[in-house]
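Asker: I'd like to ask some things about the structure below.
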Amino acid sequence: MWRIFVSDRIHEDGLARLRAAEDVAEVRMEPGLDPAALAQALAQGYHALIVRSRTKVTRDLLAAAPSLRVVGRAGVGVDNIDLDAAKARGVIVVNAPEATTDAVAEHTLALLFAVARHIPRADASMKAGRWEKKAFQGIELAGKTLGIIGVGRIGAAVARRARGLGMRVLGYDPYLDQATLAARGVEPVADLATLLARSDVVSVHVPLTPETRGLLDAQALAQLKPGAIVLSTARGGVVDEAALLAALDEGRVLGAGLDVFEHEPPGATRLVTHPRVVATPHIAAQTREAQARVARDIADEVLAALRGARLRWRVV
Ligand code: MLT
């Protein structure tokens, strides 16, 4: 009989699925524990751990959990899990990469509209009793070029929506061939420099890895068309925040829509409070529908891992 520990809050749908399983003895959800308390709890013989992004599944945490067989990430990004350590200990890692695609794609476009039409500042100005039509002249998206970096599920979902807005969509992804990129609805470009030079809007949809850390650094941002918009709903660290702030200050970047940050929460930094930045607190996947789906998906996948069944989304 399996014992499952859930260390970040997940939707009730997922918990209900776990509790309904005949081979599950215990499902304990206790969000907000500090690393030492979590290690102490896991040492009591839990077989599965389900996390979102808050819990850091470190080498030390894994070492403190000798009975652990599987870590389930209720979401896409696994940069909060030490995958090498999990592999070395024979702990399976699974995620739920499909459930949040639409939510993140919609939020990416929400940020784009918000930046292009100054929605947050116009709203704040109205709420302050003002009527400043001239201050908020925006730009249109129809006819503009969107460059997507990373054409996986989310990149492709953003591309579909952007085409519907009348945008031309370019895509760069070194892991996909031209035919696959075209099938995913983007015009393939050979390299990042070409994408940056040709796009009015650039959106990143890659995981954070040693290769993608600082992908949009000062050198890359210098290759952007003057007046481009930068969007990031993937992971903090892919866009170099100091370099982005400098590009905004110098007027080379028109605006940015950011949902993810190098350090979360970032506080009211110069970047977050910049007048041409629209910032949200890592909520792109945070819809009712996506969170219910993600919890159901990860519950099923963790149960499959415990039972030795076929896995849909094994990471290691
Ligand atoms: C994800 O990786 O699934 C999203 O960024 C949301 C999250 O981190 O919970």
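Letters for chains follow the order of the structure tokens (A, B, ...), residue numbers begin at 1 for each chain, and ligand numbers begin at 1 in the order shown.
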Could you tell me, counting only C-alpha atoms and all ligand atoms, which protein and nucleic acid residues lie no more than 8 Å from ligand 1, written as a PyMOL selection string?

Answerer: chain A and resi 52-54+74-78+96-97+100+104+233-235+260+282-286

Asker: May I have a table of the residues of region 63-168 of chain A lying at most 9 Å from region 290-307 of chain A, giving each one's closest pair of atoms and their distance in Å to one decimal, counting only C-alpha atoms, ordered by chain and ascending residue number, as CSV?

Answerer:
```
residue,atom,partner,partner_atom,distance
A:Arg69,CA,A:Leu306,CA,7.0
A:Val70,CA,A:Ala305,CA,6.7
A:Val71,CA,A:Val302,CA,7.5
A:Gly72,CA,A:Val302,CA,6.0
A:Arg73,CA,A:Ile298,CA,7.0
A:Ala74,CA,A:Ile298,CA,5.6
A:Gly75,CA,A:Val294,CA,6.3
A:Ile92,CA,A:Ala305,CA,7.4
A:Val93,CA,A:Val302,CA,8.9
A:Val94,CA,A:Glu301,CA,6.9
A:Asn95,CA,A:Ile298,CA,6.5
A:Ala96,CA,A:Ile298,CA,5.7
A:Pro97,CA,A:Val294,CA,8.2
A:Glu98,CA,A:Val294,CA,8.0
A:Ala99,CA,A:Val294,CA,5.1
A:Thr100,CA,A:Ala290,CA,5.0
A:Thr101,CA,A:Ala290,CA,8.2
A:Asp102,CA,A:Ala290,CA,8.0
A:Ala103,CA,A:Ala290,CA,6.4
```

Asker: Using CA of Thr212 (chain A) and CA of Ile149 (chain A) as the two end points, give the distance in Å to one decimal.

Answerer: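 CA of Ile149 (chain A) lies 10.5 Å from CA of Thr212 (chain A).
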
Asker: Within 8 Å of region 223-230 of chain A, which residues of region 168-197 of chain A come that close, and what is the closest atom pair and distance in Å for each? Count only C-alpha atoms and give it as CSV.

Answerer:
```
residue,atom,partner,partner_atom,distance
A:Ala193,CA,A:Gln223,CA,6.5
A:Leu196,CA,A:Leu224,CA,4.8
A:Ala197,CA,A:Leu224,CA,5.0
```

Asker: Please list as a ChimeraX atom specification every residue within 10 Å of region 161-168 of chain A, counting only C-alpha atoms and excluding residues in the same chain fewer than 6 positions away.

Answerer: /A:102,105-106,109,140-147,185-187,199-201

Asker: Go through A:Ala43, A:Val6, A:Leu216, A:Ile119 and flag the residue nearest Glu30 (chain A), using only C-alpha atoms for the distances.

Answerer: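 Checking each candidate against Glu30 (chain A), we get A:Val6 as the closest.
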
Asker: What does the distance from CA of Val238 (chain A) to CA of Thr108 (chain A) come to in Å, to one decimal?

Answerer: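 Those two atoms sit 15.5 Å apart.
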
Asker: Quick check for you: according to DSSP on this backbone, which residues of region 90-193 of chain A are classed as strand (DSSP E)? Reply as a list in words.

Answerer: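 Those in region 90-193 of chain A that DSSP calls strand (DSSP E) are Ile92, Val93, Val94, Asn95, Thr145, Leu146, Gly147, Ile148, Ile149, Arg168, Val169, Leu170, Gly171, Tyr172, Glu187 and Pro188 of chain A.
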
Asker: Please save N, CA and C atoms of the selected residues as a PDB file, in the first residue's frame.

Answerer:
```pdb
ATOM      1  N   ILE A  92      12.080   7.727  -9.998  1.00  0.00           N
ATOM      2  CA  ILE A  92      11.463   8.159 -11.266  1.00  0.00           C
ATOM      3  C   ILE A  92      10.955   9.588 -11.094  1.00  0.00           C
ATOM      4  N   VAL A  93      11.099  10.400 -12.144  1.00  0.00           N
ATOM      5  CA  VAL A  93      10.505  11.750 -12.128  1.00  0.00           C
ATOM      6  C   VAL A  93       9.526  11.835 -13.296  1.00  0.00           C
ATOM      7  N   VAL A  94       8.303  12.240 -12.982  1.00  0.00           N
ATOM      8  CA  VAL A  94       7.288  12.420 -14.034  1.00  0.00           C
ATOM      9  C   VAL A  94       6.735  13.838 -13.919  1.00  0.00           C
ATOM     10  N   ASN A  95       6.209  14.355 -15.039  1.00  0.00           N
ATOM     11  CA  ASN A  95       5.556  15.669 -14.976  1.00  0.00           C
ATOM     12  C   ASN A  95       4.216  15.609 -15.711  1.00  0.00           C
ATOM     13  N   THR A 145       5.389  40.703 -37.000  1.00  0.00           N
ATOM     14  CA  THR A 145       6.026  39.385 -36.982  1.00  0.00           C
ATOM     15  C   THR A 145       6.341  38.963 -35.547  1.00  0.00           C
ATOM     16  N   LEU A 146       5.880  37.753 -35.224  1.00  0.00           N
ATOM     17  CA  LEU A 146       6.175  37.176 -33.904  1.00  0.00           C
ATOM     18  C   LEU A 146       7.245  36.104 -34.081  1.00  0.00           C
ATOM     19  N   GLY A 147       8.307  36.191 -33.304  1.00  0.00           N
ATOM     20  CA  GLY A 147       9.353  35.165 -33.347  1.00  0.00           C
ATOM     21  C   GLY A 147       9.264  34.300 -32.103  1.00  0.00           C
ATOM     22  N   ILE A 148       9.065  33.002 -32.317  1.00  0.00           N
ATOM     23  CA  ILE A 148       8.917  32.096 -31.185  1.00  0.00           C
ATOM     24  C   ILE A 148      10.204  31.296 -31.001  1.00  0.00           C
ATOM     25  N   ILE A 149      10.762  31.371 -29.808  1.00  0.00           N
ATOM     26  CA  ILE A 149      11.982  30.615 -29.508  1.00  0.00           C
ATOM     27  C   ILE A 149      11.559  29.401 -28.688  1.00  0.00           C
ATOM     28  N   ARG A 168       2.497  37.326 -38.637  1.00  0.00           N
ATOM     29  CA  ARG A 168       3.383  36.375 -39.294  1.00  0.00           C
ATOM     30  C   ARG A 168       4.206  35.718 -38.182  1.00  0.00           C
ATOM     31  N   VAL A 169       4.365  34.397 -38.245  1.00  0.00           N
ATOM     32  CA  VAL A 169       5.010  33.721 -37.105  1.00  0.00           C
ATOM     33  C   VAL A 169       6.269  32.974 -37.553  1.00  0.00           C
ATOM     34  N   LEU A 170       7.395  33.372 -36.994  1.00  0.00           N
ATOM     35  CA  LEU A 170       8.666  32.685 -37.246  1.00  0.00           C
ATOM     36  C   LEU A 170       8.968  31.791 -36.044  1.00  0.00           C
ATOM     37  N   GLY A 171       9.713  30.722 -36.282  1.00  0.00           N
ATOM     38  CA  GLY A 171      10.054  29.838 -35.174  1.00  0.00           C
ATOM     39  C   GLY A 171      11.493  29.377 -35.249  1.00  0.00           C
ATOM     40  N   TYR A 172      12.136  29.348 -34.065  1.00  0.00           N
ATOM     41  CA  TYR A 172      13.502  28.807 -33.980  1.00  0.00           C
ATOM     42  C   TYR A 172      13.516  27.749 -32.893  1.00  0.00           C
ATOM     43  N   GLU A 187       7.143  29.611 -39.478  1.00  0.00           N
ATOM     44  CA  GLU A 187       8.092  29.677 -40.590  1.00  0.00           C
ATOM     45  C   GLU A 187       9.468  29.431 -39.993  1.00  0.00           C
ATOM     46  N   PRO A 188      10.137  28.333 -40.364  1.00  0.00           N
ATOM     47  CA  PRO A 188      11.428  28.043 -39.705  1.00  0.00           C
ATOM     48  C   PRO A 188      12.492  29.081 -40.046  1.00  0.00           C
TER      49      PRO A 188
END
```

Asker: For a quick check of understanding, using only C-alpha atoms, which of A:Ile4, A:Leu18, A:Leu231, A:Ala85 has the smallest distance to Ala279 (chain A)?

Answerer: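 Ranking A:Ile4, A:Leu18, A:Leu231, A:Ala85 by distance to Ala279 (chain A), first place goes to A:Leu231.
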
Asker: Can you work out the spacing between CA of Lys133 (chain A) and CA of Asp249 (chain A) in Å, to one decimal?

Answerer: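 Separation of CA of Lys133 (chain A) and CA of Asp249 (chain A): 23.8 Å.
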
Asker: Got a sec: who's within 9 Å of Ala243 (chain A), counting only C-alpha atoms, leaving out chain neighbours fewer than 6 positions off, as number ranges by chain?

Answerer: A: 216-219, 221

Asker: Take the residues from that selection and put them in a file with N, CA and C atoms, as an mmCIF file, in the first residue's frame.

Answerer:
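The new file selection.cif reads:
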```
data_model
loop_
_atom_site.group_PDB
_atom_site.id
_atom_site.type_symbol
_atom_site.label_atom_id
_atom_site.label_comp_id
_atom_site.auth_asym_id
_atom_site.auth_seq_id
_atom_site.Cartn_x
_atom_site.Cartn_y
_atom_site.Cartn_z
ATOM 1 N N LEU A 216 18.608 35.023 -23.911
ATOM 2 C CA LEU A 216 18.424 36.418 -24.343
ATOM 3 C C LEU A 216 19.260 37.313 -23.430
ATOM 4 N N ASP A 217 20.560 37.367 -23.726
ATOM 5 C CA ASP A 217 21.476 38.210 -22.958
ATOM 6 C C ASP A 217 21.699 39.526 -23.708
ATOM 7 N N ALA A 218 22.650 40.321 -23.221
ATOM 8 C CA ALA A 218 22.860 41.646 -23.834
ATOM 9 C C ALA A 218 23.167 41.520 -25.327
ATOM 10 N N GLN A 219 23.983 40.511 -25.652
ATOM 11 C CA GLN A 219 24.375 40.343 -27.060
ATOM 12 C C GLN A 219 23.159 39.985 -27.917
ATOM 13 N N LEU A 221 19.943 40.564 -27.174
ATOM 14 C CA LEU A 221 18.982 41.672 -27.192
ATOM 15 C C LEU A 221 19.444 42.775 -28.153
#
```

Asker: Ranking A:Leu38, A:Leu68, A:Leu33, A:Ala190 by minimum distance to Trp2 (chain A) and counting only C-alpha atoms, which one comes first?

Answerer: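 Of A:Leu38, A:Leu68, A:Leu33, A:Ala190, the one nearest Trp2 (chain A), counting only C-alpha atoms, is A:Leu68.
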
Asker: Which residues, written as a PDB file with C-alpha atoms, in the first residue's frame, have at least one atom at most 12 Å from Pro281 (chain A), with only C-alpha atoms counted and residues fewer than 6 positions away on the same chain left out?

Answerer:
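Result written to out08.pdb:
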```pdb
ATOM      1  CA  HIS A 107      -1.491  34.317 -20.841  1.00  0.00           C
ATOM      2  CA  SER A 232       8.699  35.565 -21.221  1.00  0.00           C
ATOM      3  CA  THR A 233       6.286  33.042 -19.729  1.00  0.00           C
ATOM      4  CA  ARG A 235      11.334  30.339 -16.918  1.00  0.00           C
ATOM      5  CA  GLY A 236      13.200  33.081 -15.155  1.00  0.00           C
ATOM      6  CA  GLY A 257       5.597  41.101 -20.718  1.00  0.00           C
ATOM      7  CA  LEU A 258       7.080  38.968 -17.955  1.00  0.00           C
ATOM      8  CA  ASP A 259       5.479  36.197 -15.922  1.00  0.00           C
ATOM      9  CA  VAL A 260       8.694  34.555 -14.705  1.00  0.00           C
ATOM     10  CA  PHE A 261      11.768  35.938 -12.955  1.00  0.00           C
ATOM     11  CA  HIS A 263      14.364  35.099  -8.368  1.00  0.00           C
ATOM     12  CA  GLU A 264      10.755  34.572  -7.412  1.00  0.00           C
ATOM     13  CA  PRO A 265       9.222  36.550  -5.894  1.00  0.00           C
ATOM     14  CA  PRO A 266      11.416  39.346  -7.277  1.00  0.00           C
ATOM     15  CA  GLY A 267       9.946  42.203  -5.236  1.00  0.00           C
ATOM     16  CA  ALA A 268       9.426  45.665  -6.700  1.00  0.00           C
ATOM     17  CA  VAL A 272       9.113  44.922 -12.425  1.00  0.00           C
TER      18      VAL A 272
END
```

Asker: Write down as a ChimeraX atom specification the residues of region 40-189 of chain A whose backbone DSSP state falls under helix (DSSP H, G or I).

Answerer: /A:40-42,59-63,83-89,101-116,119-127,133-136,153-164,178-183

Asker: Using the selection just defined, write its residues with C-alpha atoms as an mmCIF file, in the first residue's frame.

Answerer:
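Saved as selection10.cif:
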```
data_model
loop_
_atom_site.group_PDB
_atom_site.id
_atom_site.type_symbol
_atom_site.label_atom_id
_atom_site.label_comp_id
_atom_site.auth_asym_id
_atom_site.auth_seq_id
_atom_site.Cartn_x
_atom_site.Cartn_y
_atom_site.Cartn_z
ATOM 1 C CA GLN A 40 11.825 14.737 8.243
ATOM 2 C CA ALA A 41 8.334 13.982 6.955
ATOM 3 C CA LEU A 42 9.563 12.064 3.886
ATOM 4 C CA ARG A 59 20.010 15.838 -3.540
ATOM 5 C CA ASP A 60 19.780 16.175 0.259
ATOM 6 C CA LEU A 61 15.999 15.892 0.259
ATOM 7 C CA LEU A 62 16.150 12.753 -1.885
ATOM 8 C CA ALA A 63 18.802 11.262 0.396
ATOM 9 C CA LEU A 83 17.291 15.110 -11.980
ATOM 10 C CA ASP A 84 20.828 13.681 -11.763
ATOM 11 C CA ALA A 85 20.385 12.902 -8.082
ATOM 12 C CA ALA A 86 16.970 11.329 -8.724
ATOM 13 C CA LYS A 87 18.405 9.170 -11.500
ATOM 14 C CA ALA A 88 21.338 8.091 -9.346
ATOM 15 C CA ARG A 89 18.939 6.980 -6.604
ATOM 16 C CA THR A 101 -0.579 24.482 -22.641
ATOM 17 C CA ASP A 102 -3.709 26.524 -23.414
ATOM 18 C CA ALA A 103 -3.487 28.506 -20.181
ATOM 19 C CA VAL A 104 0.128 29.521 -20.785
ATOM 20 C CA ALA A 105 -0.481 30.324 -24.455
ATOM 21 C CA GLU A 106 -3.464 32.511 -23.547
ATOM 22 C CA HIS A 107 -1.491 34.317 -20.841
ATOM 23 C CA THR A 108 1.364 34.968 -23.258
ATOM 24 C CA LEU A 109 -1.057 36.726 -25.592
ATOM 25 C CA ALA A 110 -2.684 38.539 -22.680
ATOM 26 C CA LEU A 111 0.719 39.994 -21.806
ATOM 27 C CA LEU A 112 1.317 40.900 -25.446
ATOM 28 C CA PHE A 113 -1.976 42.815 -25.700
ATOM 29 C CA ALA A 114 -1.352 44.437 -22.317
ATOM 30 C CA VAL A 115 2.073 45.715 -23.436
ATOM 31 C CA ALA A 116 1.003 46.704 -26.955
ATOM 32 C CA ILE A 119 -3.801 48.203 -20.643
ATOM 33 C CA PRO A 120 -2.502 48.150 -17.036
ATOM 34 C CA ARG A 121 -1.362 51.794 -17.070
ATOM 35 C CA ALA A 122 -4.526 52.991 -18.802
ATOM 36 C CA ASP A 123 -6.633 51.146 -16.240
ATOM 37 C CA ALA A 124 -4.592 52.591 -13.347
ATOM 38 C CA SER A 125 -4.999 56.069 -14.821
ATOM 39 C CA MET A 126 -8.797 55.639 -15.117
ATOM 40 C CA LYS A 127 -8.972 54.401 -11.540
ATOM 41 C CA LYS A 133 -6.299 59.277 -24.342
ATOM 42 C CA LYS A 134 -3.106 60.708 -25.857
ATOM 43 C CA ALA A 135 -0.795 59.050 -23.346
ATOM 44 C CA PHE A 136 -1.784 55.556 -24.350
ATOM 45 C CA ARG A 153 3.586 22.384 -27.132
ATOM 46 C CA ILE A 154 3.314 25.917 -25.754
ATOM 47 C CA GLY A 155 5.297 27.594 -28.538
ATOM 48 C CA ALA A 156 3.068 25.912 -31.125
ATOM 49 C CA ALA A 157 -0.080 26.908 -29.215
ATOM 50 C CA VAL A 158 1.070 30.538 -29.144
ATOM 51 C CA ALA A 159 1.837 30.338 -32.881
ATOM 52 C CA ARG A 160 -1.706 29.084 -33.669
ATOM 53 C CA ARG A 161 -3.288 31.935 -31.776
ATOM 54 C CA ALA A 162 -0.955 34.578 -33.208
ATOM 55 C CA ARG A 163 -1.756 33.498 -36.764
ATOM 56 C CA GLY A 164 -5.409 34.034 -35.904
ATOM 57 C CA GLN A 178 12.212 22.303 -40.719
ATOM 58 C CA ALA A 179 9.294 20.011 -41.596
ATOM 59 C CA THR A 180 8.284 19.669 -37.941
ATOM 60 C CA LEU A 181 8.537 23.414 -37.408
ATOM 61 C CA ALA A 182 6.353 24.043 -40.448
ATOM 62 C CA ALA A 183 3.840 21.432 -39.248
#
```

Asker: If we count only C-alpha atoms, what is near Gln44 (chain A) at a cut-off of 12 Å, once residues fewer than 6 positions away on the same chain are taken out, given as a list of chain:residue names?

Answerer: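 Here the answer would be A:Arg3, A:Ile4, A:Phe5, A:Arg28, A:Ala37, A:Leu38, A:Ala64, A:Ala65, A:Pro66, A:Ser67, A:Leu68.
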